[in-house]
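Asker: I'm passing along protein-v9.txt; it holds compact mmCIF, C-alpha atoms.
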# COMPACT_ATOMS: atom_id res chain seq x y z
CA MET Z 912 17.88 9.85 -33.51
CA PRO Z 913 16.46 11.61 -30.43
CA LEU Z 914 18.91 13.05 -27.95
CA LYS Z 915 17.59 10.85 -25.11
CA THR Z 916 18.29 7.69 -27.13
CA LEU Z 917 21.81 8.90 -27.98
CA ILE Z 918 22.59 9.57 -24.32
CA VAL Z 919 21.23 6.16 -23.21
CA ASN Z 920 23.21 4.38 -25.94
CA PHE Z 921 26.36 6.28 -24.97
CA LEU Z 922 26.05 5.68 -21.22
CA PHE Z 923 24.78 2.11 -21.50
CA PRO Z 924 26.11 0.40 -24.58
CA ILE Z 925 23.96 -2.45 -25.96
CA THR Z 926 26.35 -5.08 -24.61
CA LYS Z 927 25.81 -3.88 -21.03
CA ARG Z 928 22.06 -3.30 -21.21
CA LYS Z 929 19.66 -6.04 -20.29
CA PRO Z 930 16.73 -6.43 -22.62
CA MET Z 931 13.52 -5.19 -21.06
CA THR Z 932 10.79 -7.71 -20.63
CA LEU Z 933 7.26 -6.43 -20.93
CA ARG Z 934 5.58 -9.34 -19.22
CA TYR Z 935 3.08 -8.75 -16.47
CA LYS Z 936 4.21 -9.92 -13.05
CA ASN Z 937 1.50 -11.11 -10.74
CA ILE Z 938 2.33 -9.50 -7.40
CA ALA Z 939 0.51 -12.14 -5.35
CA GLY Z 940 2.55 -14.86 -7.03
CA HIS Z 941 -0.48 -16.69 -8.41
CA VAL Z 942 -0.50 -18.08 -11.89
CA LYS Z 943 -3.20 -16.56 -14.06
CA ASN Z 944 -5.59 -19.45 -14.50
CA ARG Z 945 -9.35 -18.98 -14.61
CA GLU Z 946 -10.25 -22.40 -13.19
CA GLN Z 947 -7.77 -22.13 -10.32
CA THR Z 948 -8.95 -18.61 -9.51
CA MET Z 949 -12.58 -19.70 -9.53
CA GLN Z 950 -11.72 -22.58 -7.20
CA ARG Z 951 -9.83 -20.22 -4.86
CA LEU Z 952 -12.88 -17.97 -4.73
CA ILE Z 953 -15.17 -20.91 -3.95
CA ASP Z 954 -12.74 -22.11 -1.27
CA ALA Z 955 -12.60 -18.59 0.16
CA VAL Z 956 -16.37 -18.65 0.66
CA GLY Z 957 -16.03 -21.87 2.67
CA ALA Z 958 -13.16 -20.48 4.75
CA ILE Z 959 -15.08 -17.31 5.59
CA ILE Z 960 -18.22 -19.23 6.54
CA LYS Z 961 -16.15 -21.54 8.73
CA ASN Z 962 -14.18 -18.77 10.46
CA LYS Z 963 -16.62 -15.84 10.58
CA GLY Z 964 -20.02 -17.30 9.75
CA TYR Z 965 -22.27 -16.32 6.90
CA LYS Z 966 -22.41 -12.73 8.13
CA GLY Z 967 -18.73 -12.40 7.23
CA LEU Z 968 -19.46 -12.98 3.56
CA GLY Z 969 -19.02 -9.93 1.39
CA LEU Z 970 -17.30 -8.90 -1.80
CA ASN Z 971 -14.24 -7.40 -0.10
CA ALA Z 972 -13.83 -10.23 2.41
CA ILE Z 973 -14.06 -12.95 -0.25
CA ALA Z 974 -11.62 -11.17 -2.58
CA LYS Z 975 -9.18 -10.64 0.27
CA GLU Z 976 -9.42 -14.27 1.44
CA ALA Z 977 -8.86 -15.56 -2.10
CA ASP Z 978 -6.16 -12.94 -2.73
CA VAL Z 979 -7.73 -11.81 -6.00
CA SER Z 980 -9.30 -8.65 -7.40
CA LYS Z 981 -12.96 -7.98 -6.59
CA ILE Z 982 -13.62 -7.60 -10.30
CA LEU Z 983 -12.94 -11.30 -10.84
CA ILE Z 984 -15.90 -12.24 -8.65
CA HIS Z 985 -18.19 -10.35 -11.00
CA ARG Z 986 -16.37 -11.49 -14.11
CA TYR Z 987 -16.37 -15.21 -13.26
CA PHE Z 988 -19.61 -15.55 -11.27
CA GLY Z 989 -21.70 -12.45 -11.88
CA GLY Z 990 -21.65 -11.41 -8.21
CA VAL Z 991 -21.32 -12.57 -4.63
CA ASP Z 992 -24.70 -14.33 -4.57
CA GLN Z 993 -23.82 -16.43 -7.60
CA LEU Z 994 -20.43 -17.26 -6.07
CA ILE Z 995 -22.10 -18.45 -2.87
CA GLU Z 996 -24.53 -20.45 -4.98
CA ALA Z 997 -21.57 -22.06 -6.79
CA TYR Z 998 -20.09 -22.96 -3.38
CA VAL Z 999 -23.36 -24.55 -2.26
CA LEU Z 1000 -23.78 -26.49 -5.50
CA LYS Z 1001 -20.21 -27.78 -5.28
CA ASN Z 1002 -20.60 -28.89 -1.68
CA ASP Z 1003 -24.22 -30.01 -1.57
CA TYR Z 1004 -24.66 -33.55 -0.27
CA TRP Z 1005 -27.64 -34.45 -2.45
CA ILE Z 1006 -26.13 -33.19 -5.69
CA ALA Z 1007 -23.01 -35.24 -5.01
CA ARG Z 1008 -25.10 -38.35 -4.28
CA ASN Z 1009 -27.40 -37.95 -7.28
CA ALA Z 1010 -25.25 -40.14 -9.55
CA GLU Z 1011 -25.02 -42.78 -6.82
CA VAL Z 1012 -28.80 -42.86 -6.43
CA ASP Z 1013 -29.33 -43.04 -10.20
CA THR Z 1014 -26.93 -45.98 -10.43
CA ASN Z 1015 -28.51 -47.83 -7.51
CA THR Z 1016 -32.09 -47.27 -8.65
CA SER Z 1017 -31.70 -48.05 -12.34
CA GLY Z 1018 -33.80 -51.08 -13.13
CA GLU Z 1019 -35.81 -53.09 -10.64
CA ILE Z 1020 -35.21 -52.55 -6.94
CA ASP Z 1021 -36.77 -54.60 -4.20
CA ARG Z 1022 -38.05 -53.33 -0.88
CA LYS Z 1023 -35.01 -54.48 1.10
CA ASN Z 1024 -32.52 -52.75 -1.20
CA LEU Z 1025 -34.61 -49.59 -1.31
CA LYS Z 1026 -34.72 -49.50 2.49
CA LYS Z 1027 -30.93 -49.92 2.64
CA LEU Z 1028 -30.39 -47.21 0.00
CA VAL Z 1029 -32.59 -44.68 1.84
CA SER Z 1030 -31.02 -45.60 5.18
CA ASP Z 1031 -27.49 -45.18 3.78
CA LEU Z 1032 -28.37 -41.85 2.17
CA LEU Z 1033 -29.90 -40.43 5.35
CA ARG Z 1034 -27.02 -41.69 7.50
CA GLY Z 1035 -24.56 -40.18 5.04
CA HIS Z 1036 -26.50 -36.92 5.07
CA PHE Z 1037 -26.33 -36.75 8.85
CA GLU Z 1038 -22.60 -37.57 8.90
CA TYR Z 1039 -21.91 -35.03 6.16
CA PHE Z 1040 -23.58 -32.18 8.03
CA TYR Z 1041 -22.03 -33.29 11.30
CA SER Z 1042 -18.53 -32.98 9.79
CA HIS Z 1043 -19.07 -29.88 7.60
CA GLU Z 1044 -19.55 -26.81 9.74
CA GLU Z 1045 -19.79 -24.55 6.68
CA MET Z 1046 -22.84 -26.35 5.34
CA ARG Z 1047 -24.50 -26.27 8.75
CA SER Z 1048 -23.98 -22.51 8.78
CA ILE Z 1049 -25.56 -22.19 5.34
CA ILE Z 1050 -28.62 -24.18 6.46
CA LEU Z 1051 -28.86 -21.97 9.57
CA TRP Z 1052 -28.62 -18.91 7.33
CA GLU Z 1053 -31.38 -20.26 5.11
CA ILE Z 1054 -33.65 -20.91 8.10
CA THR Z 1055 -33.04 -17.72 10.08
CA GLU Z 1056 -32.82 -14.98 7.46
CA ARG Z 1057 -34.76 -13.92 4.42
CA THR Z 1058 -32.55 -14.36 1.38
CA ASN Z 1059 -33.29 -15.01 -2.24
CA LEU Z 1060 -30.01 -16.85 -2.53
CA LEU Z 1061 -31.05 -20.16 -1.06
Once you've parsed the file, please lay out its structure as structure tokens.

Answerer:
Amino acid sequence: MPLKTLIVNFLFPITKRKPMTLRYKNIAGHVKNREQTMQRLIDAVGAIIKNKGYKGLGLNAIAKEADVSKILIHRYFGGVDQLIEAYVLKNDYWIARNAEVDTNTSGEIDRKNLKKLVSDLLRGHFEYFYSHEEMRSIILWEITERTNLL
């Protein structure tokens, strides 16, 4: 038996020693969960756009806001652009209303119902953008700057 082990056993008998656990502790206190981490990253994009505008978006800023490693952005999304795209897809008004439109337009639809459907969709679109500053910023970004993202 090595001398170091003999000394440790002599000074700290087995009954007084606590067994060592070799589990990884997450310093930030977050549970390791891919879906939750992905959602935190998507939410971080929205928070940054709301607080700093689209110019505040960057790898370091998103990772810091979500309190995760920068590597996870690449691992889960492939990069910042794909993460922003995931945010847009999750929060897009028309994607969310697609199922509603499919349900309402399946089968025959008369002129009056079609007019009401279009009117409701456009009113909802206006109200959505009026209440979601982040999406307004993304539209402004799309209009004012050259980007392959949008």

Asker: Which one is closest to Gln950 in chain Z: Z:Asp1021, Z:Leu994, Z:Thr916, Z:Leu1051? Count all atoms listed in the file.

Answerer: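 Closest residue, counting all atoms listed in the file: Z:Leu994.
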
Asker: Would you please work out which residue, of Z:Val999, Z:Ile1054, Z:Glu946, Z:Glu976, is nearest to Lys963 in chain Z when using all atoms listed in the file?

Answerer: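 When distances to Lys963 in chain Z are compared using all atoms listed in the file, the smallest one comes from Z:Glu976.
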
Asker: Would you mind reading off the distance between CA of Ser1042 in chain Z and CA of Val991 in chain Z, one decimal, in Å?

Answerer: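 Going from CA of Ser1042 in chain Z over to CA of Val991 in chain Z covers 25.1 Å.
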
Asker: Using only C-alpha atoms, which residue out of Z:Glu1053, Z:Asp1031, Z:Asp1003, Z:Asp992 lies closest to Val956 in chain Z?

Answerer: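 Of the candidates, the smallest distance to Val956 in chain Z is held by Z:Asp992.
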
Asker: Applying 12 Å and only C-alpha atoms, which residues near Trp1005 in chain Z remain after dropping the ones on its own chain fewer than 3 positions away? List them as a list in words.

Answerer: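 That gives Val999, Leu1000, Lys1001, Asn1002, Arg1008, Asn1009, Ala1010, Glu1011, Val1012, Asp1013, Leu1032, Leu1033, Gly1035, His1036, Phe1037, Tyr1039 and Phe1040 of chain Z.
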
Asker: How would the residues just chosen look if you wrote them out with C-alpha atoms as a compact mmCIF listing (two decimals), in the coordinates of the input?

Answerer:
# COMPACT_ATOMS: atom_id res chain seq x y z
CA VAL Z 999 -23.36 -24.55 -2.26
CA LEU Z 1000 -23.78 -26.49 -5.50
CA LYS Z 1001 -20.21 -27.78 -5.28
CA ASN Z 1002 -20.60 -28.89 -1.68
CA ARG Z 1008 -25.10 -38.35 -4.28
CA ASN Z 1009 -27.40 -37.95 -7.28
CA ALA Z 1010 -25.25 -40.14 -9.55
CA GLU Z 1011 -25.02 -42.78 -6.82
CA VAL Z 1012 -28.80 -42.86 -6.43
CA ASP Z 1013 -29.33 -43.04 -10.20
CA LEU Z 1032 -28.37 -41.85 2.17
CA LEU Z 1033 -29.90 -40.43 5.35
CA GLY Z 1035 -24.56 -40.18 5.04
CA HIS Z 1036 -26.50 -36.92 5.07
CA PHE Z 1037 -26.33 -36.75 8.85
CA TYR Z 1039 -21.91 -35.03 6.16
CA PHE Z 1040 -23.58 -32.18 8.03

Asker: What's the separation between CA of Ile953 in chain Z and CA of Ser980 in chain Z, in Å to one decimal place?

Answerer: 14.0 Å
